[in-house]
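File shown: upload.cif (mmCIF, C-alpha atoms).
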data_target
#
loop_
_atom_site.label_atom_id
_atom_site.label_comp_id
_atom_site.auth_asym_id
_atom_site.auth_seq_id
_atom_site.Cartn_x
_atom_site.Cartn_y
_atom_site.Cartn_z
CA MET A 483 -24.08 -23.82 -30.66
CA SER A 484 -23.24 -21.66 -33.67
CA GLU A 485 -19.69 -21.07 -34.74
CA CYS A 486 -20.09 -17.36 -34.01
CA ARG A 487 -21.01 -18.19 -30.41
CA LEU A 488 -17.93 -20.38 -30.03
CA ILE A 489 -15.76 -17.63 -31.45
CA THR A 490 -17.28 -15.09 -29.08
CA GLU A 491 -16.32 -17.24 -26.11
CA GLN A 492 -12.69 -17.19 -27.19
CA LEU A 493 -12.58 -13.62 -28.35
CA THR A 494 -10.59 -12.33 -25.40
CA SER A 495 -8.03 -15.13 -25.57
CA TYR A 496 -7.70 -14.47 -29.29
CA VAL A 497 -7.25 -10.71 -28.89
CA ASP A 498 -4.78 -11.30 -26.03
CA GLU A 499 -2.89 -13.82 -28.21
CA GLN A 500 -3.33 -16.58 -25.66
CA LEU A 501 -4.53 -19.27 -28.09
CA ASP A 502 -2.46 -21.99 -29.66
CA ALA A 503 -1.68 -21.74 -33.37
CA THR A 504 -4.28 -24.28 -34.46
CA ARG A 505 -7.15 -22.57 -32.71
CA ARG A 506 -5.95 -19.19 -33.89
CA VAL A 507 -5.96 -20.29 -37.53
CA GLU A 508 -9.50 -21.68 -37.11
CA ILE A 509 -10.72 -18.38 -35.74
CA GLU A 510 -9.05 -16.35 -38.45
CA ARG A 511 -10.62 -18.56 -41.08
CA HIS A 512 -14.02 -17.85 -39.55
CA LEU A 513 -13.33 -14.13 -39.34
CA GLU A 514 -12.60 -13.94 -43.04
CA GLY A 515 -16.19 -14.77 -43.79
CA CYS A 516 -18.03 -13.21 -40.82
CA VAL A 517 -18.51 -9.45 -40.69
CA ALA A 518 -20.15 -9.54 -37.25
CA CYS A 519 -17.28 -11.39 -35.58
CA ARG A 520 -14.73 -9.18 -37.32
CA GLY A 521 -16.55 -6.20 -35.86
CA ALA A 522 -16.48 -7.73 -32.39
CA VAL A 523 -12.75 -8.42 -32.67
CA ALA A 524 -12.09 -4.87 -33.88
CA GLY A 525 -14.09 -3.37 -31.01
CA GLU A 526 -12.37 -5.49 -28.38
CA ARG A 527 -8.96 -4.88 -29.85
CA GLY A 528 -9.69 -1.15 -30.01
CA GLY A 529 -10.58 -1.04 -26.29
CA GLN A 530 -7.56 -3.15 -25.40
CA THR A 531 -5.15 -1.04 -27.44
CA VAL A 532 -6.33 2.32 -26.18
CA LEU A 533 -6.06 1.13 -22.57
CA ARG A 534 -2.62 -0.40 -22.97
CA GLN A 535 -1.29 2.65 -24.76
CA HIS A 536 -2.44 4.87 -21.89
CA ALA A 537 -1.75 2.37 -19.09
CA LYS A 538 1.41 4.00 -17.79
CA ARG A 539 -0.20 7.42 -17.46
CA LEU A 540 -3.39 5.95 -16.01
CA ARG A 541 -1.31 4.37 -13.24
CA GLU A 542 0.36 7.68 -12.44
CA GLU A 543 -2.24 9.15 -10.12
CA PRO A 544 -0.71 11.67 -7.68
CA LEU A 545 -1.20 10.63 -4.07
CA PRO A 546 -3.24 12.95 -1.82
CA PRO A 547 -1.13 14.99 0.61
CA GLY A 548 -0.25 12.97 3.67
CA LEU A 549 -1.28 9.53 2.41
CA ARG A 550 2.27 8.34 1.87
CA SER A 551 3.51 9.62 5.23
CA ARG A 552 0.54 8.04 7.03
CA CYS A 553 1.16 4.70 5.34
CA GLU A 554 4.86 4.94 6.10
CA SER A 555 4.02 5.56 9.74
CA LEU A 556 1.73 2.53 9.77
CA VAL A 557 4.41 0.38 8.21
CA HIS A 558 7.14 1.60 10.55
CA GLU A 559 4.92 1.10 13.55
CA HIS A 560 4.10 -2.41 12.37
CA ALA A 561 7.78 -3.18 11.79
CA ARG A 562 8.61 -1.93 15.28
CA ALA A 563 5.78 -3.96 16.85
CA ALA A 564 6.98 -7.03 14.98
CA SER A 565 10.32 -6.72 16.72
CA LEU A 566 8.72 -6.75 20.20
CA PRO A 567 8.70 -9.90 22.36
CA GLY A 568 5.82 -12.23 21.56
CA TRP A 569 3.61 -11.48 24.58
CA ARG A 570 3.79 -7.73 23.94
CA ARG A 571 3.07 -8.22 20.27
CA THR A 572 -0.12 -10.11 21.00
CA LEU A 573 -1.13 -7.70 23.75
CA VAL A 574 -1.25 -4.68 21.44
CA PRO A 575 -4.03 -5.87 19.12
CA THR A 576 -5.96 -7.28 22.08
CA VAL A 577 -5.96 -3.95 23.89
CA LEU A 578 -6.85 -2.13 20.67
CA SER A 579 -9.76 -4.53 20.11
CA VAL A 580 -11.11 -3.89 23.59
CA ILE A 581 -10.86 -0.14 23.14
CA LEU A 582 -12.55 -0.38 19.76
CA LEU A 583 -15.35 -2.45 21.29
CA VAL A 584 -15.96 0.14 23.98
CA PHE A 585 -15.96 2.95 21.48
CA THR A 586 -18.25 1.11 19.08
CA ALA A 587 -20.70 0.44 21.88
CA SER A 588 -20.61 4.15 22.70
CA ALA A 589 -21.31 5.04 19.08
CA ILE A 590 -24.30 2.72 18.89
CA PHE A 591 -25.60 4.04 22.18
CA SER A 592 -25.35 7.58 20.84
CA LEU A 593 -27.87 6.85 18.10
CA ALA A 594 -30.51 6.40 20.76
CA THR A 595 -29.37 9.25 22.99
CA ARG A 596 -28.39 11.89 20.51
CA ARG A 597 -28.92 14.67 23.02
CA SER A 598 -26.45 13.32 25.55
CA ASP A 599 -23.34 15.47 25.82
CA ALA A 600 -21.43 12.67 27.53
CA VAL A 601 -22.15 10.25 24.72
CA LEU A 602 -21.31 12.85 22.08
CA ALA A 603 -18.03 13.53 23.86
CA ALA A 604 -17.28 9.80 24.12
CA GLN A 605 -17.94 9.23 20.46
CA LEU A 606 -15.88 12.19 19.28
CA THR A 607 -13.08 11.28 21.68
CA ALA A 608 -13.04 7.86 20.05
CA ASP A 609 -12.83 9.48 16.62
CA HIS A 610 -10.11 11.82 17.87
CA SER A 611 -7.99 8.91 19.11
CA LYS A 612 -8.64 6.70 16.10
CA CYS A 613 -7.95 9.37 13.48
CA PHE A 614 -4.72 10.54 15.09
CA LYS A 615 -3.61 6.94 15.47
CA LEU A 616 -4.40 6.00 11.90
CA PHE A 617 -3.98 9.17 9.90
CA VAL A 618 -1.58 11.48 11.69
CA ALA A 619 1.02 9.11 13.07
CA GLY A 620 4.70 10.10 13.16
CA ASN A 621 5.67 13.59 12.06
CA PRO A 622 2.90 14.79 9.76
CA PRO A 623 3.49 17.75 7.41
CA VAL A 624 1.86 21.07 8.33
CA MET A 625 -1.15 21.80 6.11
CA ASP A 626 -2.40 25.05 4.68
CA ALA A 627 -5.80 26.05 6.10
CA HIS A 628 -7.09 27.42 2.77
CA GLU A 629 -6.14 24.23 0.98
CA VAL A 630 -7.92 22.19 3.64
CA GLU A 631 -11.03 24.39 3.31
CA GLU A 632 -10.96 23.89 -0.45
CA MET A 633 -10.51 20.15 -0.07
CA LEU A 634 -13.46 19.86 2.35
CA ALA A 635 -15.62 21.90 -0.02
CA ARG A 636 -14.54 20.00 -3.09
CA GLU A 637 -14.71 16.49 -1.66
CA TYR A 638 -17.69 16.78 0.68
CA GLY A 639 -19.44 20.09 -0.07
CA TRP A 640 -18.61 21.48 3.41
CA LYS A 641 -17.94 25.20 3.61
CA ILE A 642 -16.33 25.75 6.99
CA HIS A 643 -13.66 28.06 8.35
CA VAL A 644 -10.53 26.11 9.24
CA PRO A 645 -8.39 27.89 11.83
CA PRO A 646 -4.86 28.19 10.42
CA SER A 647 -1.68 27.13 12.20
CA VAL A 648 -0.23 29.56 14.74
CA ASP A 649 2.81 29.51 16.97
CA GLY A 650 2.56 26.41 19.11
CA LEU A 651 -0.28 24.83 17.18
CA GLN A 652 -0.06 23.21 13.75
CA LEU A 653 -2.81 22.11 11.40
CA VAL A 654 -1.90 18.51 10.50
CA GLY A 655 -4.96 16.92 8.95
CA ALA A 656 -8.62 16.96 8.05
CA ARG A 657 -11.06 14.23 7.18
CA ARG A 658 -14.64 13.17 7.63
CA CYS A 659 -15.98 11.28 10.60
CA LEU A 660 -19.26 9.57 11.28
CA TYR A 661 -21.53 11.29 13.79
CA ALA A 662 -24.90 9.67 14.54
CA ASP A 663 -26.24 9.07 11.02
CA GLY A 664 -24.21 11.66 9.15
CA LEU A 665 -20.67 12.70 8.29
CA ILE A 666 -18.98 15.70 9.86
CA PRO A 667 -15.66 17.50 9.30
CA HIS A 668 -12.85 16.58 11.67
CA VAL A 669 -9.89 19.00 11.64
CA MET A 670 -6.73 17.89 13.44
CA TYR A 671 -4.02 19.95 15.16
CA ARG A 672 -0.81 19.16 16.99
CA ALA A 673 0.47 21.39 19.75
CA ALA A 674 4.15 22.22 20.18
CA ASN A 675 4.34 19.83 23.15
CA GLY A 676 3.14 16.98 20.93
CA GLN A 677 -0.42 16.88 22.27
CA ASP A 678 -3.28 16.53 19.81
CA LEU A 679 -6.42 18.63 19.41
CA SER A 680 -9.46 17.90 17.26
CA LEU A 681 -12.11 20.29 16.04
CA PHE A 682 -15.43 18.78 14.97
CA VAL A 683 -18.04 20.94 13.20
CA MET A 684 -21.72 20.01 13.05
CA ASN A 685 -23.78 22.25 10.81
CA GLY A 686 -27.48 22.52 11.60
CA VAL A 687 -27.02 21.20 15.14
CA THR A 688 -27.53 23.26 18.29
CA ARG A 689 -26.49 22.29 21.82
CA LYS A 690 -26.05 23.97 25.15
CA PRO A 691 -22.45 24.84 25.99
CA SER A 692 -20.72 22.03 27.83
CA ASP A 693 -17.27 21.16 29.11
CA LEU A 694 -16.65 17.60 30.22
CA VAL A 695 -13.97 14.93 30.49
CA THR A 696 -14.41 11.49 28.91
CA PHE A 697 -11.83 8.71 28.53
CA GLY A 698 -9.13 11.08 29.79
CA HIS A 699 -9.96 13.70 27.17
CA ARG A 700 -11.63 17.07 27.56
CA SER A 701 -14.50 17.95 25.20
CA GLN A 702 -15.64 21.56 24.93
CA ILE A 703 -18.95 22.00 23.17
CA TRP A 704 -20.43 25.28 22.00
CA THR A 705 -22.90 26.50 19.40
CA LYS A 706 -22.98 29.57 17.20
CA ASN A 707 -25.27 30.36 14.27
CA ASN A 708 -26.92 26.96 14.24
CA THR A 709 -23.54 25.22 14.12
CA THR A 710 -22.11 23.18 16.98
CA PHE A 711 -18.36 22.98 17.52
CA VAL A 712 -16.62 20.36 19.63
CA LEU A 713 -12.99 20.73 20.61
CA VAL A 714 -11.42 17.50 21.87
CA GLY A 715 -7.98 17.29 23.45
CA PRO A 716 -6.12 16.00 26.49
CA SER A 717 -7.73 16.82 29.81
CA ASP A 718 -4.62 18.97 30.40
CA GLU A 719 -4.84 19.66 34.10
CA SER A 720 -1.55 21.50 33.82
CA GLY A 721 -3.15 24.20 31.67
CA ARG A 722 -0.43 23.93 29.03
CA LEU A 723 -3.03 23.84 26.27
CA ALA A 724 -5.00 26.81 27.54
CA ASP A 725 -3.69 29.24 24.89
CA ALA A 726 -4.24 26.76 22.08
CA THR A 727 -7.75 26.05 23.32
CA ARG A 728 -8.63 29.74 23.58
CA TYR A 729 -7.32 30.35 20.08
CA MET A 730 -9.33 27.47 18.61
CA MET A 731 -12.55 28.50 20.34
CA LYS A 732 -12.14 32.08 19.18
CA GLU A 733 -11.11 31.26 15.65
CA ALA A 734 -13.34 28.28 14.81
CA ASP A 735 -16.70 30.05 14.76
CA ARG A 736 -15.38 33.21 13.14
CA MET B 1089 -9.09 -15.73 1.70
CA PHE B 1090 -5.46 -14.94 2.38
CA GLY B 1091 -4.10 -18.45 2.28
CA ARG B 1092 -2.23 -20.43 4.87
CA ARG B 1093 -0.24 -18.89 7.67
CA GLN B 1094 3.40 -18.44 6.96
CA ARG B 1095 6.04 -16.01 8.16
CA ALA B 1096 6.92 -13.40 5.51
CA ALA B 1097 10.43 -12.21 4.76
CA PRO B 1098 11.06 -9.61 7.45
CA ASP B 1099 13.16 -7.04 5.68
CA THR B 1100 11.68 -6.50 2.23
CA PHE B 1101 7.97 -6.80 2.92
CA HIS B 1102 7.47 -3.33 4.39
CA SER B 1103 9.44 -1.45 1.75
CA GLU B 1104 7.85 -3.41 -1.08
CA VAL B 1105 4.35 -2.73 0.20
CA LEU B 1106 5.01 1.02 0.22
CA GLY B 1107 6.27 0.77 -3.36
CA TYR B 1108 2.77 -0.13 -4.56
CA LEU B 1109 0.99 2.90 -3.07
CA GLU B 1110 0.61 4.86 -6.31
CA PRO B 1111 -0.80 2.07 -8.48
CA LEU B 1112 -3.07 0.97 -5.62
CA PHE B 1113 -4.39 4.51 -5.33
CA ALA B 1114 -4.94 4.77 -9.10
CA THR B 1115 -6.89 1.51 -9.00
CA ALA B 1116 -8.82 2.65 -5.92
CA ILE B 1117 -9.91 5.80 -7.75
CA ARG B 1118 -11.29 3.77 -10.63
CA LEU B 1119 -13.07 1.53 -8.10
CA THR B 1120 -14.58 4.29 -6.00
CA ARG B 1121 -14.66 7.14 -8.55
CA ASN B 1122 -13.90 9.45 -5.65
CA ARG B 1123 -10.49 10.54 -4.37
CA ALA B 1124 -11.50 10.73 -0.72
CA ASP B 1125 -12.99 7.23 -0.76
CA ALA B 1126 -9.96 6.00 -2.67
CA GLU B 1127 -7.67 7.45 0.00
CA ASP B 1128 -9.59 5.67 2.75
CA LEU B 1129 -9.62 2.46 0.74
CA VAL B 1130 -5.86 2.47 0.20
CA GLN B 1131 -5.24 3.17 3.85
CA ASP B 1132 -7.59 0.37 4.92
CA THR B 1133 -5.82 -1.91 2.47
CA MET B 1134 -2.48 -1.07 4.07
CA VAL B 1135 -3.86 -1.72 7.56
CA ARG B 1136 -5.23 -5.09 6.46
CA ALA B 1137 -2.07 -6.02 4.58
CA LEU B 1138 -0.04 -5.39 7.72
CA ARG B 1139 -2.51 -7.21 9.93
CA PHE B 1140 -2.52 -10.27 7.66
CA ARG B 1141 1.13 -10.06 6.75
CA ASP B 1142 1.87 -13.51 8.17
CA ARG B 1143 -0.54 -14.99 5.66
CA PHE B 1144 1.42 -13.75 2.69
CA GLU B 1145 3.47 -16.53 1.16
CA PRO B 1146 7.01 -15.35 0.44
CA GLY B 1147 7.93 -15.89 -3.16
CA THR B 1148 4.40 -15.36 -4.42
CA ASN B 1149 3.14 -12.20 -6.08
CA LEU B 1150 2.93 -9.49 -3.42
CA ARG B 1151 1.37 -7.03 -5.86
CA ALA B 1152 -1.46 -9.44 -6.71
CA TRP B 1153 -1.95 -10.14 -2.99
CA LEU B 1154 -2.31 -6.43 -2.24
CA TYR B 1155 -4.78 -5.95 -5.10
CA THR B 1156 -6.80 -8.89 -3.78
CA ILE B 1157 -6.98 -7.19 -0.37
CA LEU B 1158 -7.93 -3.91 -2.02
CA HIS B 1159 -10.82 -5.50 -3.91
CA ASN B 1160 -11.96 -7.58 -0.93
CA THR B 1161 -12.00 -4.45 1.21
CA TRP B 1162 -13.98 -2.56 -1.40
CA ARG B 1163 -16.48 -5.42 -1.81
CA ASN B 1164 -17.00 -5.54 1.95
CA ARG B 1165 -17.71 -1.82 1.97
CA ILE B 1166 -20.32 -1.85 -0.76
CA ARG B 1167 -21.90 -5.17 0.15
CA ASP B 1168 -24.81 -3.60 1.98
CA THR B 1169 -25.39 -0.67 -0.31
CA VAL B 1170 -28.54 -0.49 -2.37
CA ARG B 1171 -26.69 -0.39 -5.63
CA GLU B 1172 -25.65 -3.97 -6.25
CA ALA B 1173 -22.87 -4.09 -8.80
CA THR B 1174 -23.60 -7.56 -10.11
CA ASP B 1175 -27.20 -6.65 -10.87
CA VAL B 1176 -26.09 -3.67 -12.90
CA ASP B 1177 -23.56 -5.80 -14.72
CA SER B 1178 -26.06 -8.49 -15.49
CA GLU B 1179 -28.32 -5.93 -17.10
CA ARG B 1180 -25.50 -4.61 -19.21
CA ILE B 1181 -24.34 -8.07 -20.18
CA GLU B 1182 -27.85 -8.95 -21.31
CA GLU B 1183 -28.09 -5.72 -23.23
CA LEU B 1184 -24.79 -6.25 -24.96
CA ALA B 1185 -25.35 -9.93 -25.55
CA SER B 1186 -28.61 -9.16 -27.30
CA ARG B 1187 -26.81 -7.14 -29.93
CA PRO B 1188 -26.17 -8.97 -33.18
CA ASP B 1189 -22.58 -7.74 -33.36
CA GLY B 1190 -20.03 -5.47 -31.72
CA PRO B 1191 -18.72 -2.31 -33.30
CA ALA B 1192 -18.54 -3.30 -36.91
CA GLU B 1193 -15.83 -3.27 -39.51
CA LEU B 1194 -13.07 -0.93 -38.43
CA GLU B 1195 -10.46 0.53 -40.66
CA THR B 1196 -8.54 3.71 -40.14
CA PRO B 1197 -11.05 5.29 -37.71
CA GLU B 1198 -9.94 2.78 -35.05
CA ARG B 1199 -6.34 3.86 -35.31
CA VAL B 1200 -7.34 7.52 -35.41
CA LEU B 1201 -9.45 7.08 -32.30
CA ILE B 1202 -6.71 5.32 -30.37
CA ARG B 1203 -4.18 7.98 -31.25
CA SER B 1204 -6.46 10.90 -30.50
CA THR B 1205 -7.94 9.68 -27.22
CA MET B 1206 -6.97 11.93 -24.32
CA ASP B 1207 -6.36 10.63 -20.82
CA VAL B 1208 -9.28 12.64 -19.47
CA ASP B 1209 -11.66 11.21 -22.09
CA LEU B 1210 -10.46 7.73 -21.31
CA LYS B 1211 -10.94 8.16 -17.57
CA GLU B 1212 -14.44 9.50 -18.11
CA ALA B 1213 -15.31 6.62 -20.43
CA LEU B 1214 -13.88 4.14 -17.93
CA ASP B 1215 -15.88 5.63 -15.09
CA GLU B 1216 -19.05 5.28 -17.13
CA LEU B 1217 -18.57 1.53 -17.52
CA PRO B 1218 -20.52 -0.78 -15.22
CA ASP B 1219 -18.39 -1.53 -12.16
CA ALA B 1220 -17.61 -5.15 -12.99
CA PHE B 1221 -16.52 -4.34 -16.55
CA ARG B 1222 -14.37 -1.43 -15.40
CA GLN B 1223 -12.61 -3.54 -12.75
CA ALA B 1224 -11.93 -6.36 -15.22
CA VAL B 1225 -10.50 -4.26 -18.06
CA TRP B 1226 -8.47 -2.15 -15.65
CA LEU B 1227 -6.85 -5.16 -14.00
CA ARG B 1228 -6.16 -6.82 -17.34
CA ASP B 1229 -5.06 -3.97 -19.61
CA VAL B 1230 -3.72 -1.36 -17.20
CA GLU B 1231 -2.33 -3.55 -14.42
CA GLU B 1232 -1.61 -6.54 -16.70
CA PHE B 1233 -2.73 -9.26 -14.32
CA SER B 1234 -3.49 -12.78 -15.60
CA TYR B 1235 -7.05 -14.04 -15.91
CA ALA B 1236 -6.48 -16.34 -12.93
CA GLU B 1237 -5.16 -13.52 -10.76
CA ILE B 1238 -8.11 -11.31 -11.68
CA ALA B 1239 -10.55 -14.14 -10.96
CA LYS B 1240 -9.09 -14.44 -7.45
CA MET B 1241 -9.23 -10.69 -6.86
CA LEU B 1242 -12.81 -10.34 -8.04
CA ASP B 1243 -13.90 -13.68 -6.56
CA VAL B 1244 -15.51 -14.87 -9.80
CA PRO B 1245 -14.76 -17.75 -12.24
CA ILE B 1246 -12.18 -17.21 -15.00
CA GLY B 1247 -14.87 -17.50 -17.67
CA THR B 1248 -16.72 -14.59 -16.07
CA VAL B 1249 -13.52 -12.56 -15.98
CA MET B 1250 -12.96 -13.11 -19.72
CA SER B 1251 -16.54 -12.27 -20.51
CA ARG B 1252 -16.31 -9.03 -18.52
CA ILE B 1253 -13.03 -8.09 -20.15
CA SER B 1254 -14.50 -8.67 -23.60
CA ARG B 1255 -17.67 -6.69 -22.95
CA GLY B 1256 -15.77 -3.99 -21.11
CA ARG B 1257 -13.29 -3.41 -23.90
CA ARG B 1258 -15.99 -3.24 -26.55
CA LEU B 1259 -18.21 -0.97 -24.50
CA LEU B 1260 -15.26 1.30 -23.71
CA TYR B 1261 -14.36 1.52 -27.36
CA GLU B 1262 -17.93 2.37 -28.28
CA LYS B 1263 -18.06 5.11 -25.66
CA LEU B 1264 -14.84 6.65 -26.88
CA ALA B 1265 -16.03 6.49 -30.47
CA ASP B 1266 -19.38 8.01 -29.48
CA GLY B 1267 -17.69 10.82 -27.59
CA ARG B 1268 -15.41 11.58 -30.47
CA GLY B 1269 -18.33 11.68 -32.90
CA GLN B 1270 -20.26 14.02 -30.63
CA ARG B 1271 -17.36 16.42 -30.38
CA ALA B 1272 -16.90 16.37 -34.14
CA ASN B 1273 -20.58 17.05 -34.84
CA GLY B 1274 -21.30 19.47 -32.02
CA LYS B 1275 -24.01 18.60 -29.51
CA GLY B 1276 -26.46 15.79 -29.99
CA HIS B 1277 -26.05 12.09 -30.45
CA ALA B 1278 -23.50 11.35 -33.12
CA GLN B 1279 -22.84 8.38 -35.32
CA VAL B 1280 -20.13 5.98 -34.26
CA PRO B 1281 -17.33 6.72 -36.70
CA VAL B 1282 -17.24 3.22 -38.06
CA SER B 1283 -19.35 1.51 -40.64
CA ARG B 1284 -21.72 -1.28 -39.63
#

For this file, write the structure as structure tokens.
Amino acid sequence: MSECRLITEQLTSYVDEQLDATRRVEIERHLEGCVACRGAVAGERGGQTVLRQHAKRLREEPLPPGLRSRCESLVHEHARAASLPGWRRTLVPTVLSVILLVFTASAIFSLATRRSDAVLAAQLTADHSKCFKLFVAGNPPVMDAHEVEEMLAREYGWKIHVPPSVDGLQLVGARRCLYADGLIPHVMYRAANGQDLSLFVMNGVTRKPSDLVTFGHRSQIWTKNNTTFVLVGPSDESGRLADATRYMMKEADR
Amino acid sequence: MFGRRQRAAPDTFHSEVLGYLEPLFATAIRLTRNRADAEDLVQDTMVRALRFRDRFEPGTNLRAWLYTILHNTWRNRIRDTVREATDVDSERIEELASRPDGPAELETPERVLIRSTMDVDLKEALDELPDAFRQAVWLRDVEEFSYAEIAKMLDVPIGTVMSRISRGRRLLYEKLADGRGQRANGKGHAQVPVSR
């Protein structure tokens, strides 16, 4: 093996000053007479220096709105669960696993029965529950509808109208969810009584209007201009969400 | 992958984990090159960190443990994608290894380049690196992890880590020098501002 090859293998340790003095002197003696290895050292040192000089600013990436509060909610929830008695602590993940299994089975089933309203409702109800559990736990900040529209356009290329917050109904999140073999926008709202509503928008999909209850949640499905909307929320037999539901159905397809 | 089971210190773990959100997100952006994917990745990392909390050994490096989870989670996500990172890296390594030398004799242009590099140029140049090189140089020079810690995070031997760091640094430097030359000369491919 040539001396250049040996030097190359230790280039990073040399540039990072991780070699002992003896080895370092040997390498420097070689560099004095080898233009190619000097070039390699200069290039590696150049890359290292520019990165280290900018490292602090590179690490300062502003967090997306809501990420910190969601993570804080996860952490607080975990800390609270950790303080529960042992049998309750083990029960929580078990129940969650079972629910996840049921929902996953529903999602797989939906690939084969894409026209089934019940399966669509089951899948979106699963997404509704999962996203609120994971991403909108605790007291989420209210979001601006225009900013959410811009974010969905910028990040995913979706141009949809996002109904803004109104009295009794606050826009608290938006993300993408998997539907069949594609991604769709999922916009999340919280009513004044603490109940959650989800609006799913499927461009290029048409369905007959439908209103059904799955897993204790009501799914209202309607289509306008080749776009299908699905509003998922509590089954709400009391009618307390009627105003919020009417507003969403009127505003969403505007 | 997360070591033996052991109860973590109850009071500091949660607050310390939250303290690493920003650097984890910055690293996730360089991994995914997409803010939305990075957001999901950080959140998944938090969920997994909490789930496997009992496997964290108190007194060891929590930051390195979180970065290991972040990279494992990312690897799991891209495992089945068509674009296989190691294949791309192998091609680049072969290409670079076939060159007779790196960027040649550098004098003042190196210092000028380092001083004049803007954050946005650097991020663009980083994002253009093959995935494995970008991960290695980021973890070493931005996050300042040891070779051994990086090897554990990336699940590769230490020798491979050092090789990727070396190639990544040189390739990054070349890209920055190329970009600077192009801006100086207008459009078209410019000379690297160093003599060979």

(Q) Between CA of Tyr1108 (chain B) and CA of Gln1131 (chain B), what is the distance in Å, rounded to a tenth? (A) 12.1 Å

(Q) Please expand the PyMOL selection byres ((chain B and resi 1259) around 9) into the concrete residues it hits in this file, giving the result as a ChimeraX atom specification. (A) /A:525-526,529 /B:1184,1190-1191,1217,1221,1254-1258,1260-1264

Q. Could you write out as JSON, numbers by chain the residues that the PyMOL selection byres ((chain A) within 8 of (chain B)) matches in the shown file?
A. {"A": [491, 493, 494, 495, 517, 518, 519, 520, 521, 522, 523, 524, 525, 526, 527, 528, 529, 530, 531, 532, 533, 534, 536, 537, 538, 539, 540, 541, 542, 543, 544, 545, 546, 549, 550, 553, 554, 556, 557, 558, 560, 561, 637]}

Q | Point-to-point distance in Å for CA of Leu694 (chain A) and CA of Ala603 (chain A) | A |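 Pair CA of Ala603 (chain A) / CA of Leu694 (chain A) returns 7.7 Å.
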
Q | Residue with smallest distance to Val654 (chain A) - pool A:Ala734, A:Ala604, A:Leu634, A:Val618, counting all atoms listed in the file | A |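 Nearest candidate to Val654 (chain A) out of A:Ala734, A:Ala604, A:Leu634, A:Val618: A:Val618.
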
Listed atoms of region 708-718 of chain A, axis-aligned box, 5 Å per side: centre and edge lengths to one decimal in Å, as lines of an AutoDock Vina configuration file?
center_x = -15.8
center_y = 21.5
center_z = 22.3
size_x = 32.3
size_y = 21.0
size_z = 26.3

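Restricting the calculation to only C-alpha atoms, the smallest distance between Asn707 (chain A) and any of A:Arg487, A:Arg728, A:Arg736, A:Arg657 is found for A:Arg736.
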
Q: Identify which of the residues B:Pro1146, B:Thr1100, B:Trp1153, B:Arg1121 lies closest to Asp1215 (chain B), counting all atoms listed in the file when measuring atom-to-atom distances.
A: B:Arg1121

Since I can't run it myself right now, could you work out what the PyMOL selection byres ((chain A and resi 677) around 10) selects here and report it as a compact mmCIF listing (two decimals) with C-alpha atoms, in the frame of the given file?
# COMPACT_ATOMS: atom_id res chain seq x y z
CA LEU A 651 -0.28 24.83 17.18
CA TYR A 671 -4.02 19.95 15.16
CA ARG A 672 -0.81 19.16 16.99
CA ALA A 673 0.47 21.39 19.75
CA ALA A 674 4.15 22.22 20.18
CA ASN A 675 4.34 19.83 23.15
CA GLY A 676 3.14 16.98 20.93
CA ASP A 678 -3.28 16.53 19.81
CA LEU A 679 -6.42 18.63 19.41
CA GLY A 715 -7.98 17.29 23.45
CA PRO A 716 -6.12 16.00 26.49
CA ASP A 718 -4.62 18.97 30.40
CA ARG A 722 -0.43 23.93 29.03
CA LEU A 723 -3.03 23.84 26.27

Q. Which is closest to Trp1162 (chain B) among B:Gln1223, B:Pro1218, B:Asp1209, B:Glu1145, if we use all atoms listed in the file?
A.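 Using all atoms listed in the file, Trp1162 (chain B) sits closest to B:Gln1223.
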
Q: Would you mind reading off the distance between CA of Asp693 (chain A) and CA of Phe614 (chain A), one decimal, in Å?
A: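 If I compute the distance from CA of Asp693 (chain A) to CA of Phe614 (chain A), I get 21.6 Å.
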
Q. Between A:Pro622, A:Lys612, A:Asp725, A:Arg506, which is the closest to His668 (chain A) once you count all atoms listed in the file?
A. A:Lys612

Some atoms are missing, so please complete region 702-708 of chain A with N, CA and C atoms and return it as an mmCIF file, in the frame of the given file.
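Saved file result.cif follows:
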data_model
loop_
_atom_site.group_PDB
_atom_site.id
_atom_site.type_symbol
_atom_site.label_atom_id
_atom_site.label_comp_id
_atom_site.auth_asym_id
_atom_site.auth_seq_id
_atom_site.Cartn_x
_atom_site.Cartn_y
_atom_site.Cartn_z
ATOM 1 N N GLN A 702 -14.954 20.279 24.736
ATOM 2 C CA GLN A 702 -15.640 21.560 24.930
ATOM 3 C C GLN A 702 -16.623 21.747 23.788
ATOM 4 N N ILE A 703 -17.876 21.937 24.166
ATOM 5 C CA ILE A 703 -18.950 22.000 23.170
ATOM 6 C C ILE A 703 -19.585 23.376 23.217
ATOM 7 N N TRP A 704 -19.726 24.001 22.049
ATOM 8 C CA TRP A 704 -20.430 25.280 22.000
ATOM 9 C C TRP A 704 -21.121 25.438 20.652
ATOM 10 N N THR A 705 -22.104 26.326 20.615
ATOM 11 C CA THR A 705 -22.900 26.500 19.400
ATOM 12 C C THR A 705 -22.926 27.969 19.001
ATOM 13 N N LYS A 706 -22.836 28.215 17.718
ATOM 14 C CA LYS A 706 -22.980 29.570 17.200
ATOM 15 C C LYS A 706 -23.609 29.479 15.813
ATOM 16 N N ASN A 707 -24.596 30.317 15.568
ATOM 17 C CA ASN A 707 -25.270 30.360 14.270
ATOM 18 C C ASN A 707 -25.691 28.980 13.770
ATOM 19 N N ASN A 708 -26.384 28.265 14.611
ATOM 20 C CA ASN A 708 -26.920 26.960 14.240
ATOM 21 C C ASN A 708 -25.833 25.938 13.877
#
